[in-house]
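Coordinates from data-v7.cif are shown below (mmCIF, C-alpha atoms and all ligand atoms).
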```
data_run
#
loop_
_atom_site.group_PDB
_atom_site.id
_atom_site.type_symbol
_atom_site.label_atom_id
_atom_site.label_comp_id
_atom_site.auth_asym_id
_atom_site.auth_seq_id
_atom_site.Cartn_x
_atom_site.Cartn_y
_atom_site.Cartn_z
ATOM 1 C CA MET A 1422 64.428 113.767 153.343
ATOM 2 C CA PRO A 1423 67.124 115.626 155.348
ATOM 3 C CA ALA A 1424 70.180 116.469 153.243
ATOM 4 C CA LYS A 1425 73.173 114.223 153.810
ATOM 5 C CA ARG A 1426 76.358 115.939 154.917
ATOM 6 C CA VAL A 1427 79.785 114.881 153.707
ATOM 7 C CA LEU A 1428 83.128 116.311 154.805
ATOM 8 C CA ILE A 1429 85.981 116.104 152.303
ATOM 9 C CA LEU A 1430 89.171 116.349 154.337
ATOM 10 C CA TYR A 1431 92.210 116.272 152.089
ATOM 11 C CA TYR A 1432 95.776 117.121 151.290
ATOM 12 C CA SER A 1433 97.053 117.489 147.734
ATOM 13 C CA PHE A 1434 100.621 118.419 146.802
ATOM 14 C CA SER A 1435 100.413 118.463 143.006
ATOM 15 C CA SER A 1436 96.599 118.776 142.559
ATOM 16 C CA GLN A 1437 95.985 115.144 141.582
ATOM 17 C CA THR A 1438 93.893 114.273 144.653
ATOM 18 C CA ARG A 1439 92.120 117.584 144.250
ATOM 19 C CA ASN A 1440 91.172 116.797 140.619
ATOM 20 C CA LEU A 1441 89.693 113.442 141.612
ATOM 21 C CA LEU A 1442 87.796 115.062 144.474
ATOM 22 C CA ASN A 1443 86.340 117.666 142.119
ATOM 23 C CA GLY A 1444 84.841 114.797 140.113
ATOM 24 C CA LEU A 1445 83.633 112.940 143.178
ATOM 25 C CA SER A 1446 82.011 115.997 144.740
ATOM 26 C CA HIS A 1447 80.218 116.824 141.464
ATOM 27 C CA GLY A 1448 78.691 113.349 141.564
ATOM 28 C CA LEU A 1449 77.634 113.819 145.188
ATOM 29 C CA GLU A 1450 76.218 117.302 144.715
ATOM 30 C CA GLU A 1451 74.255 116.279 141.635
ATOM 31 C CA GLN A 1452 72.378 113.923 143.975
ATOM 32 C CA TRP A 1453 71.664 116.519 146.668
ATOM 33 C CA VAL A 1454 74.437 115.775 149.091
ATOM 34 C CA ASP A 1455 75.917 118.757 150.967
ATOM 35 C CA VAL A 1456 79.681 118.706 150.598
ATOM 36 C CA VAL A 1457 82.014 120.667 152.869
ATOM 37 C CA TRP A 1458 85.712 120.915 151.954
ATOM 38 C CA GLU A 1459 88.628 121.149 154.352
ATOM 39 C CA GLN A 1460 92.131 121.297 152.945
ATOM 40 C CA LEU A 1461 95.133 120.498 155.111
ATOM 41 C CA ARG A 1462 97.554 123.423 154.906
ATOM 42 C CA PRO A 1463 101.135 122.813 156.028
ATOM 43 C CA VAL A 1464 102.428 125.424 158.460
ATOM 44 C CA GLU A 1465 105.533 125.692 156.275
ATOM 45 C CA PRO A 1466 104.098 125.726 152.753
ATOM 46 C CA LEU A 1467 105.449 122.980 150.466
ATOM 47 C CA ARG A 1468 106.409 124.007 146.951
ATOM 48 C CA PHE A 1469 105.489 121.880 143.930
ATOM 49 C CA PRO A 1470 107.567 120.906 142.068
ATOM 50 C CA ILE A 1471 110.331 120.348 144.580
ATOM 51 C CA GLY A 1472 112.646 121.593 141.870
ATOM 52 C CA THR A 1473 115.882 119.597 142.212
ATOM 53 C CA VAL A 1474 116.909 115.955 142.011
ATOM 54 C CA TRP A 1475 118.657 116.192 145.374
ATOM 55 C CA GLY A 1476 115.637 117.843 147.043
ATOM 56 C CA THR A 1477 113.360 115.149 145.645
ATOM 57 C CA LEU A 1478 115.602 112.355 146.942
ATOM 58 C CA VAL A 1479 115.739 113.973 150.395
ATOM 59 C CA MET A 1480 111.942 114.371 150.459
ATOM 60 C CA MET A 1481 111.496 110.717 149.508
ATOM 61 C CA CYS A 1482 113.851 109.556 152.257
ATOM 62 C CA LEU A 1483 112.218 111.735 154.911
ATOM 63 C CA THR A 1484 108.729 110.598 153.955
ATOM 64 C CA PHE A 1485 109.826 106.953 153.896
ATOM 65 C CA PHE A 1486 110.435 107.431 157.632
ATOM 66 C CA ARG A 1487 107.014 109.105 157.955
ATOM 67 C CA LYS A 1488 108.187 112.631 158.597
ATOM 68 C CA ARG A 1489 105.296 114.752 159.781
ATOM 69 C CA PHE A 1490 104.547 118.107 158.156
ATOM 70 C CA ALA A 1491 102.685 120.184 160.747
ATOM 71 C CA VAL A 1492 99.374 121.568 159.523
ATOM 72 C CA GLN A 1493 97.382 124.644 160.436
ATOM 73 C CA PRO A 1494 94.388 124.203 162.784
ATOM 74 C CA LEU A 1495 91.248 122.762 161.179
ATOM 75 C CA SER A 1496 87.932 124.600 161.072
ATOM 76 C CA GLU A 1497 85.750 123.991 164.102
ATOM 77 C CA SER A 1498 82.999 122.527 161.898
ATOM 78 C CA CYS A 1499 85.181 119.515 160.988
ATOM 79 C CA PHE A 1500 84.672 118.147 164.481
ATOM 80 C CA SER A 1501 80.888 117.834 164.172
ATOM 81 C CA ASP A 1502 78.941 114.718 163.155
ATOM 82 C CA TRP A 1503 78.959 113.771 159.480
ATOM 83 C CA ASP A 1504 77.138 111.189 157.422
ATOM 84 C CA LEU A 1505 80.512 110.495 155.835
ATOM 85 C CA ILE A 1506 84.062 111.808 155.977
ATOM 86 C CA ILE A 1507 86.129 111.355 152.824
ATOM 87 C CA LEU A 1508 89.777 111.365 153.848
ATOM 88 C CA ALA A 1509 91.889 111.898 150.736
ATOM 89 C CA GLY A 1510 95.537 112.344 149.875
ATOM 90 C CA PRO A 1511 98.561 111.031 148.015
ATOM 91 C CA THR A 1512 100.918 108.172 148.823
ATOM 92 C CA TRP A 1513 104.336 109.396 149.872
ATOM 93 C CA SER A 1514 107.070 106.749 149.965
ATOM 94 C CA TYR A 1515 104.554 103.974 150.723
ATOM 95 C CA ASN A 1516 102.948 106.002 153.530
ATOM 96 C CA PRO A 1517 100.195 108.549 153.975
ATOM 97 C CA SER A 1518 101.583 112.021 153.252
ATOM 98 C CA GLY A 1519 103.297 114.038 156.010
ATOM 99 C CA PRO A 1520 100.414 116.530 156.468
ATOM 100 C CA ILE A 1521 97.912 113.675 156.891
ATOM 101 C CA MET A 1522 100.191 111.995 159.442
ATOM 102 C CA ALA A 1523 100.515 115.256 161.407
ATOM 103 C CA MET A 1524 96.752 115.725 161.343
ATOM 104 C CA PHE A 1525 96.258 112.210 162.777
ATOM 105 C CA ASP A 1526 98.707 112.897 165.618
ATOM 106 C CA ARG A 1527 96.906 116.063 166.663
ATOM 107 C CA ASP A 1528 93.245 115.570 165.747
ATOM 108 C CA GLY A 1529 92.693 111.903 164.858
ATOM 109 C CA GLN A 1530 90.667 110.897 167.909
ATOM 110 C CA ASP A 1531 88.522 114.037 167.944
ATOM 111 C CA LEU A 1532 87.854 113.902 164.215
ATOM 112 C CA PHE A 1533 87.213 110.248 163.521
ATOM 113 C CA GLN A 1534 85.728 108.668 166.629
ATOM 114 C CA ARG A 1535 82.462 106.926 165.674
ATOM 115 C CA GLN A 1536 82.574 108.452 162.188
ATOM 116 C CA PHE A 1537 82.117 106.626 158.904
ATOM 117 C CA VAL A 1538 85.267 107.298 156.871
ATOM 118 C CA LEU A 1539 85.969 106.630 153.206
ATOM 119 C CA PRO A 1540 89.689 106.748 152.350
ATOM 120 C CA LEU A 1541 90.638 108.005 148.887
ATOM 121 C CA ILE A 1542 94.223 107.496 147.719
ATOM 122 C CA SER A 1543 95.907 109.109 144.732
ATOM 123 C CA CYS A 1544 99.184 107.453 143.821
ATOM 124 C CA ARG A 1545 101.574 106.513 141.094
ATOM 125 C CA GLY A 1546 100.702 102.861 141.675
ATOM 126 C CA TYR A 1547 102.047 101.581 144.988
ATOM 127 C CA TRP A 1548 99.387 102.016 147.619
ATOM 128 C CA ARG A 1549 99.042 98.793 149.620
ATOM 129 C CA VAL A 1550 101.303 99.685 152.568
ATOM 130 C CA HIS A 1551 99.759 103.149 152.674
ATOM 131 C CA LEU A 1552 96.253 101.719 152.823
ATOM 132 C CA PHE A 1553 97.168 99.165 155.464
ATOM 133 C CA GLY A 1554 98.640 101.886 157.716
ATOM 134 C CA LEU A 1555 95.821 104.333 157.101
ATOM 135 C CA ARG A 1556 93.145 101.789 157.936
ATOM 136 C CA ARG A 1557 94.936 100.907 161.141
ATOM 137 C CA LEU A 1558 95.205 104.575 162.141
ATOM 138 C CA LEU A 1559 91.521 105.151 161.444
ATOM 139 C CA ARG A 1560 90.393 102.086 163.362
ATOM 140 C CA ARG A 1561 92.554 103.078 166.322
ATOM 141 C CA CYS A 1562 90.710 106.403 166.354
ATOM 142 C CA GLY A 1563 87.396 104.546 166.504
ATOM 143 C CA ALA A 1564 86.279 105.114 162.890
ATOM 144 C CA ARG A 1565 84.262 102.730 160.771
ATOM 145 C CA VAL A 1566 86.217 102.421 157.537
ATOM 146 C CA ALA A 1567 84.522 102.043 154.156
ATOM 147 C CA THR A 1568 85.988 100.277 151.166
ATOM 148 C CA PRO A 1569 88.699 102.650 149.924
ATOM 149 C CA LEU A 1570 88.916 104.338 146.565
ATOM 150 C CA ILE A 1571 92.324 103.948 144.989
ATOM 151 C CA PHE A 1572 93.429 105.810 141.887
ATOM 152 C CA SER A 1573 96.772 104.987 140.266
ATOM 153 C CA HIS A 1574 98.362 106.988 137.477
ATOM 154 C CA PRO A 1575 97.352 105.207 134.282
ATOM 155 C CA THR A 1576 100.734 105.338 132.473
ATOM 156 C CA PRO A 1577 102.582 101.972 132.489
ATOM 157 C CA GLU A 1578 105.846 101.288 134.298
ATOM 158 C CA PRO A 1579 108.694 102.126 134.252
ATOM 159 C CA TRP A 1580 107.649 105.406 132.629
ATOM 160 C CA ARG A 1581 105.314 106.565 135.364
ATOM 161 C CA THR A 1582 107.995 106.139 138.051
ATOM 162 C CA ILE A 1583 110.555 107.982 135.936
ATOM 163 C CA GLY A 1584 107.957 110.560 134.960
ATOM 164 C CA VAL A 1585 106.813 111.253 138.534
ATOM 165 C CA PHE A 1586 110.406 111.601 139.707
ATOM 166 C CA LEU A 1587 111.290 114.017 136.908
ATOM 167 C CA ARG A 1588 108.098 116.005 137.472
ATOM 168 C CA LEU A 1589 108.832 116.341 141.192
ATOM 169 C CA ALA A 1590 112.412 117.331 140.432
ATOM 170 C CA GLY A 1591 111.096 120.065 138.144
ATOM 171 C CA LYS A 1592 112.375 118.464 134.957
ATOM 172 C CA VAL A 1593 108.933 118.463 133.266
ATOM 173 C CA PRO A 1594 109.231 115.274 131.182
ATOM 174 C CA GLN A 1595 106.451 116.394 128.845
ATOM 175 C CA ALA A 1596 108.824 119.009 127.543
ATOM 176 C CA GLY A 1597 111.492 116.381 126.864
ATOM 177 C CA SER A 1598 112.200 114.403 123.740
ATOM 178 C CA GLY A 1599 109.369 113.291 121.494
ATOM 179 C CA ARG A 1600 110.042 109.635 122.291
ATOM 180 C CA PHE A 1601 109.676 110.091 126.045
ATOM 181 C CA ARG A 1602 106.578 112.177 125.545
ATOM 182 C CA ARG A 1603 104.990 109.300 123.662
ATOM 183 C CA LEU A 1604 105.850 106.877 126.476
ATOM 184 C CA TYR A 1605 104.813 109.309 129.213
ATOM 185 C CA PRO A 1606 102.163 111.623 127.810
ATOM 186 C CA ARG A 1607 101.197 113.278 131.096
ATOM 187 C CA TYR A 1608 101.830 113.431 134.808
ATOM 188 C CA GLY A 1609 99.037 112.189 137.044
ATOM 189 C CA HIS A 1610 95.492 111.023 136.511
ATOM 190 C CA SER A 1611 93.515 110.991 133.289
ATOM 191 C CA ARG A 1612 90.267 112.771 132.476
ATOM 192 C CA GLU A 1613 88.589 109.353 132.406
ATOM 193 C CA GLN A 1614 89.590 108.796 136.031
ATOM 194 C CA VAL A 1615 88.112 112.130 137.063
ATOM 195 C CA PHE A 1616 84.947 111.172 135.212
ATOM 196 C CA HIS A 1617 84.987 107.785 136.938
ATOM 197 C CA ALA A 1618 85.277 109.573 140.289
ATOM 198 C CA ARG A 1619 82.177 111.560 139.375
ATOM 199 C CA GLU A 1620 80.232 108.361 138.688
ATOM 200 C CA ILE A 1621 81.366 106.963 142.014
ATOM 201 C CA GLY A 1622 80.120 110.168 143.661
ATOM 202 C CA GLY A 1623 76.661 109.473 142.247
ATOM 203 C CA LYS A 1624 76.680 105.898 143.562
ATOM 204 C CA LEU A 1625 77.938 107.042 146.911
ATOM 205 C CA ALA A 1626 75.110 109.583 147.123
ATOM 206 C CA ALA A 1627 72.574 106.828 146.357
ATOM 207 C CA TYR A 1628 74.093 104.763 149.144
ATOM 208 C CA LEU A 1629 73.925 107.665 151.596
ATOM 209 C CA HIS A 1630 70.277 108.247 150.700
ATOM 210 C CA GLY A 1631 69.579 104.577 151.470
ATOM 211 C CA GLU A 1632 68.750 103.711 147.887
ATOM 212 C CA THR A 1633 71.088 100.702 147.675
ATOM 213 C CA GLU A 1634 70.961 97.317 149.392
ATOM 214 C CA SER A 1635 71.915 97.273 153.069
ATOM 215 C CA GLN A 1636 74.388 94.398 152.608
ATOM 216 C CA GLU A 1637 76.515 96.907 150.730
ATOM 217 C CA PHE A 1638 76.977 98.814 153.968
ATOM 218 C CA ASP A 1639 80.548 97.788 154.597
ATOM 219 C CA ILE A 1640 81.343 97.957 150.917
ATOM 220 C CA PRO A 1641 79.340 101.036 150.123
ATOM 221 C CA ILE A 1642 80.662 101.604 146.671
ATOM 222 C CA PRO A 1643 80.096 98.747 144.260
ATOM 223 C CA VAL A 1644 82.981 99.743 142.025
ATOM 224 C CA PRO A 1645 86.427 98.173 142.031
ATOM 225 C CA CYS A 1646 89.650 100.113 142.378
ATOM 226 C CA ASP A 1647 90.761 101.243 138.981
ATOM 227 C CA CYS A 1648 94.256 99.859 139.386
ATOM 228 C CA SER A 1649 95.127 96.763 137.463
ATOM 229 C CA ASP A 1650 98.885 96.692 137.702
ATOM 230 C CA PRO A 1651 99.911 93.139 138.724
ATOM 231 C CA LEU A 1652 103.224 94.426 140.104
ATOM 232 C CA ARG A 1653 101.478 96.117 142.963
HETATM 233 C C1 LIG A 1701 107.630 112.541 148.269
HETATM 234 C C2 LIG A 1701 106.741 111.698 147.377
HETATM 235 C C3 LIG A 1701 106.780 110.328 147.485
HETATM 236 C C4 LIG A 1701 105.946 109.531 146.683
HETATM 237 N N1 LIG A 1701 105.932 108.183 146.889
HETATM 238 C C5 LIG A 1701 105.046 107.415 146.208
HETATM 239 C C6 LIG A 1701 104.938 106.009 146.489
HETATM 240 O O1 LIG A 1701 105.594 105.452 147.374
HETATM 241 N N2 LIG A 1701 104.034 105.292 145.773
HETATM 242 C C7 LIG A 1701 103.276 105.855 144.788
HETATM 243 O O2 LIG A 1701 102.494 105.133 144.165
HETATM 244 N N3 LIG A 1701 103.357 107.187 144.512
HETATM 245 C C8 LIG A 1701 104.209 107.973 145.202
HETATM 246 N N4 LIG A 1701 104.290 109.321 144.957
HETATM 247 C C9 LIG A 1701 103.464 109.905 143.863
HETATM 248 C C10 LIG A 1701 102.167 110.530 144.360
HETATM 249 O O3 LIG A 1701 101.496 109.674 145.251
HETATM 250 C C11 LIG A 1701 101.260 110.815 143.171
HETATM 251 O O4 LIG A 1701 101.932 111.662 142.264
HETATM 252 C C12 LIG A 1701 99.927 111.429 143.558
HETATM 253 O O5 LIG A 1701 99.039 111.357 142.454
HETATM 254 C C13 LIG A 1701 100.080 112.885 143.976
HETATM 255 O O6 LIG A 1701 98.838 113.359 144.453
HETATM 256 P P1 LIG A 1701 98.673 114.902 144.903
HETATM 257 O O7 LIG A 1701 98.946 115.744 143.684
HETATM 258 O O8 LIG A 1701 97.276 115.038 145.355
HETATM 259 O O9 LIG A 1701 99.647 115.182 145.984
HETATM 260 C C14 LIG A 1701 105.092 110.136 145.724
HETATM 261 C C15 LIG A 1701 105.088 111.530 145.617
HETATM 262 C C16 LIG A 1701 105.892 112.308 146.441
HETATM 263 C C17 LIG A 1701 105.809 113.812 146.348
#
```
Spell out the structure here as structure tokens.
Amino acid sequence: MPAKRVLILYYSFSSQTRNLLNGLSHGLEEQWVDVVWEQLRPVEPLRFPIGTVWGTLVMMCLTFFRKRFAVQPLSESCFSDWDLIILAGPTWSYNPSGPIMAMFDRDGQDLFQRQFVLPLISCRGYWRVHLFGLRRLLRRCGARVATPLIFSHPTPEPWRTIGVFLRLAGKVPQAGSGRFRRLYPRYGHSREQVFHAREIGGKLAAYLHGETESQEFDIPIPVPCDCSDPLR
């Protein structure tokens, strides 16, 4: 059986998407799928954390209006044929992140035409508008879009919103008072979510090897999103 080839094309600002992808790629590679990574690198490097409350507010406003963050050229190999492209990144102010938007403007058609693309979103919890826009962009480029994988931060509201803001502003809530630390034990995704991503990788590999039912083609991964927040 020829090895299946998967491209992981991603941007990650604070390593959360990257952590999930590490799990997912383990699952794929355990089942003999060749995984190639391509990270989007902004031309002007972005510093995490942003470091100030004002800087964080400005970044949120700019990204609400879909500011692009130009990225360095992609490797030539990205433009070849793949069994699957996993397009992964965070939600920024209800949108795909600026580097992903810039990549679409420049390379979308050449990258995604006639490709099978699985979107993976890492977010605090508000992903619907992002997904809607991303799907539309991919379809416009001629991609076939698989059922997305969505990972929300597991901490309940309002603590995760406060926690993400403070983390971005460089205030490191974990180092704050004991009470807040109990309410917001960590920024980002849990170990269980990374482990879940690894399991999904295994199922995805089985799908790519043709070991699952063909009616699952458009919904290749028989696992629900792990977000259960009714506010979303
Ligand atoms: C500028 C900015 C805006 C954000 N806006 C949202 C948002 O609208 N919805 C959401 O759920 N998370 C939002 N987040 C949180 C990130 O999506 C979340 O922390 C994600 O896990 C980060 O992934 P990364 O480390 O791979 O970049 C935002 C983060 C940043 C930096």
- [ ] Any chance you could resolve the PyMOL selection byres (((chain A and resi 1440-1456) around 8) and not hetatm) against this file and give the residues as a VMD selection string?
- [x] chain A and resid 1424 to 1429 1436 to 1439 1457 to 1458 1614 to 1627
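Atom C5 of ligand LIG 1701 (chain A) sits 9.1 Å away from atom CA of A:Phe1485.
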Open item on the list: Selection in question (the file shown): the PyMOL selection byres (((not hetatm)) within 7 of (chain A and resi 1701)). Which residues does it include, as a VMD selection string?
Closed with: chain A and resid 1432 to 1439 1477 1480 to 1481 1484 1510 to 1516 1543 to 1548 1573 to 1574 1585 1589 1609 to 1610
Open item on the list: Starting from the PyMOL selection byres (((chain A and resi 1503) around 8) and not hetatm), expand the selection into actual residues of this file and give them as a count of residues only.
Closed with: 10
Open item on the list: To one decimal place in Å, what is the distance between atom CA of A:Pro1520 and atom CA of A:Leu1483?
Closed with: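 Spanning atom CA of A:Pro1520 to atom CA of A:Leu1483 is a straight-line distance of 12.8 Å.
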TODO: Using atom CA of A:Gly1519 and atom CA of A:Val1566 as the two end points, give the distance in Å to one decimal.
DONE: 20.7 Å
TODO: Between A:Val1474, A:Val1479, A:Leu1541, A:Gln1493, single out the one closest to A:Leu1430, counting all atoms listed in the file.
DONE: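 Distance minimum relative to A:Leu1430 lands on A:Leu1541.
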TODO: Go through A:Ala1564, A:Leu1555, A:Ile1507, A:Leu1629 one by one, measure the shortest atom-to-atom distance of each to A:Leu1539 using only C-alpha atoms, and give the residue with the smallest value.
DONE: A:Ile1507
Task: Best match for closeness to A:Arg1489 among A:Gln1530, A:Ser1518, A:Thr1633, A:Ser1611, counting only C-alpha atoms - done: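 Answer, going by the shortest atom-to-atom distance: A:Ser1518.
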- [ ] Choose the residue, out of A:Tyr1628, A:Ala1590, A:Phe1500, A:Glu1578, that has the smallest atom-to-atom separation from A:Tyr1605; count all atoms listed in the file.
- [x]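 Using all atoms listed in the file, A:Tyr1605 sits closest to A:Glu1578.
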Open item on the list: I'd like the contact shell of A:Val1464 - 9 Å cut-off, all atoms listed in the file, skipping same-chain residues fewer than 5 positions apart - returned as a list of chain:residue names.
Closed with: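 In the requested form, the answer reads A:Phe1490, A:Ala1491, A:Val1492, A:Gln1493.
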Task: Of the listed residues A:Arg1535, A:Arg1581, A:His1630, A:His1551, that which approaches A:Pro1423 most closely, counting all atoms listed in the file - done: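 Distance minimum relative to A:Pro1423 lands on A:His1630.
Among the candidate residues A:Leu1570, A:Met1522, A:Trp1580, A:Gly1529, the one lying nearest to A:Arg1600 is A:Trp1580, with distances computed using only C-alpha atoms.
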Coordinate excerpt as a PDB file, in the first residue's frame: stretch 1604-1625 of chain A, N, CA and C atoms:
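Wrote it out as selection22.pdb, contents follow:
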```
ATOM      1  N   LEU A1604      -9.852  29.179  39.821  1.00  0.00           N
ATOM      2  CA  LEU A1604     -10.881  29.356  38.794  1.00  0.00           C
ATOM      3  C   LEU A1604     -10.298  29.203  37.388  1.00  0.00           C
ATOM      4  N   TYR A1605      -9.035  29.561  37.243  1.00  0.00           N
ATOM      5  CA  TYR A1605      -8.391  29.535  35.923  1.00  0.00           C
ATOM      6  C   TYR A1605      -7.031  28.860  36.072  1.00  0.00           C
ATOM      7  N   PRO A1606      -7.036  27.527  36.112  1.00  0.00           N
ATOM      8  CA  PRO A1606      -5.789  26.829  36.430  1.00  0.00           C
ATOM      9  C   PRO A1606      -4.714  26.925  35.358  1.00  0.00           C
ATOM     10  N   ARG A1607      -5.118  27.087  34.082  1.00  0.00           N
ATOM     11  CA  ARG A1607      -4.087  27.173  33.046  1.00  0.00           C
ATOM     12  C   ARG A1607      -4.634  27.850  31.797  1.00  0.00           C
ATOM     13  N   TYR A1608      -3.702  28.426  31.045  1.00  0.00           N
ATOM     14  CA  TYR A1608      -4.052  29.001  29.751  1.00  0.00           C
ATOM     15  C   TYR A1608      -4.057  27.876  28.716  1.00  0.00           C
ATOM     16  N   GLY A1609      -5.078  27.857  27.871  1.00  0.00           N
ATOM     17  CA  GLY A1609      -5.021  26.982  26.697  1.00  0.00           C
ATOM     18  C   GLY A1609      -5.647  25.620  26.891  1.00  0.00           C
ATOM     19  N   HIS A1610      -5.190  24.687  26.074  1.00  0.00           N
ATOM     20  CA  HIS A1610      -5.797  23.357  26.014  1.00  0.00           C
ATOM     21  C   HIS A1610      -5.211  22.431  27.079  1.00  0.00           C
ATOM     22  N   SER A1611      -6.007  21.395  27.387  1.00  0.00           N
ATOM     23  CA  SER A1611      -5.575  20.440  28.409  1.00  0.00           C
ATOM     24  C   SER A1611      -4.793  19.280  27.773  1.00  0.00           C
ATOM     25  N   ARG A1612      -4.150  18.515  28.637  1.00  0.00           N
ATOM     26  CA  ARG A1612      -3.449  17.311  28.152  1.00  0.00           C
ATOM     27  C   ARG A1612      -4.437  16.333  27.528  1.00  0.00           C
ATOM     28  N   GLU A1613      -5.645  16.276  28.116  1.00  0.00           N
ATOM     29  CA  GLU A1613      -6.668  15.354  27.594  1.00  0.00           C
ATOM     30  C   GLU A1613      -7.011  15.719  26.151  1.00  0.00           C
ATOM     31  N   GLN A1614      -7.051  17.019  25.861  1.00  0.00           N
ATOM     32  CA  GLN A1614      -7.378  17.425  24.485  1.00  0.00           C
ATOM     33  C   GLN A1614      -6.265  17.023  23.513  1.00  0.00           C
ATOM     34  N   VAL A1615      -5.029  17.140  23.967  1.00  0.00           N
ATOM     35  CA  VAL A1615      -3.920  16.725  23.099  1.00  0.00           C
ATOM     36  C   VAL A1615      -4.002  15.211  22.873  1.00  0.00           C
ATOM     37  N   PHE A1616      -4.368  14.500  23.912  1.00  0.00           N
ATOM     38  CA  PHE A1616      -4.511  13.046  23.790  1.00  0.00           C
ATOM     39  C   PHE A1616      -5.674  12.708  22.849  1.00  0.00           C
ATOM     40  N   HIS A1617      -6.751  13.476  22.986  1.00  0.00           N
ATOM     41  CA  HIS A1617      -7.907  13.295  22.099  1.00  0.00           C
ATOM     42  C   HIS A1617      -7.490  13.528  20.641  1.00  0.00           C
ATOM     43  N   ALA A1618      -6.682  14.558  20.427  1.00  0.00           N
ATOM     44  CA  ALA A1618      -6.205  14.854  19.067  1.00  0.00           C
ATOM     45  C   ALA A1618      -5.415  13.659  18.520  1.00  0.00           C
ATOM     46  N   ARG A1619      -4.667  13.015  19.401  1.00  0.00           N
ATOM     47  CA  ARG A1619      -3.888  11.851  18.959  1.00  0.00           C
ATOM     48  C   ARG A1619      -4.807  10.707  18.520  1.00  0.00           C
ATOM     49  N   GLU A1620      -5.877  10.505  19.284  1.00  0.00           N
ATOM     50  CA  GLU A1620      -6.853   9.465  18.900  1.00  0.00           C
ATOM     51  C   GLU A1620      -7.494   9.787  17.553  1.00  0.00           C
ATOM     52  N   ILE A1621      -7.813  11.069  17.375  1.00  0.00           N
ATOM     53  CA  ILE A1621      -8.409  11.474  16.099  1.00  0.00           C
ATOM     54  C   ILE A1621      -7.424  11.195  14.958  1.00  0.00           C
ATOM     55  N   GLY A1622      -6.135  11.454  15.214  1.00  0.00           N
ATOM     56  CA  GLY A1622      -5.113  11.180  14.207  1.00  0.00           C
ATOM     57  C   GLY A1622      -5.160   9.724  13.759  1.00  0.00           C
ATOM     58  N   GLY A1623      -5.336   8.826  14.721  1.00  0.00           N
ATOM     59  CA  GLY A1623      -5.417   7.396  14.394  1.00  0.00           C
ATOM     60  C   GLY A1623      -6.629   7.099  13.522  1.00  0.00           C
ATOM     61  N   LYS A1624      -7.776   7.705  13.864  1.00  0.00           N
ATOM     62  CA  LYS A1624      -8.991   7.471  13.079  1.00  0.00           C
ATOM     63  C   LYS A1624      -8.866   8.070  11.681  1.00  0.00           C
ATOM     64  N   LEU A1625      -8.235   9.221  11.654  1.00  0.00           N
ATOM     65  CA  LEU A1625      -8.033   9.870  10.353  1.00  0.00           C
ATOM     66  C   LEU A1625      -7.140   9.011   9.461  1.00  0.00           C
TER      67      LEU A1625
END
```
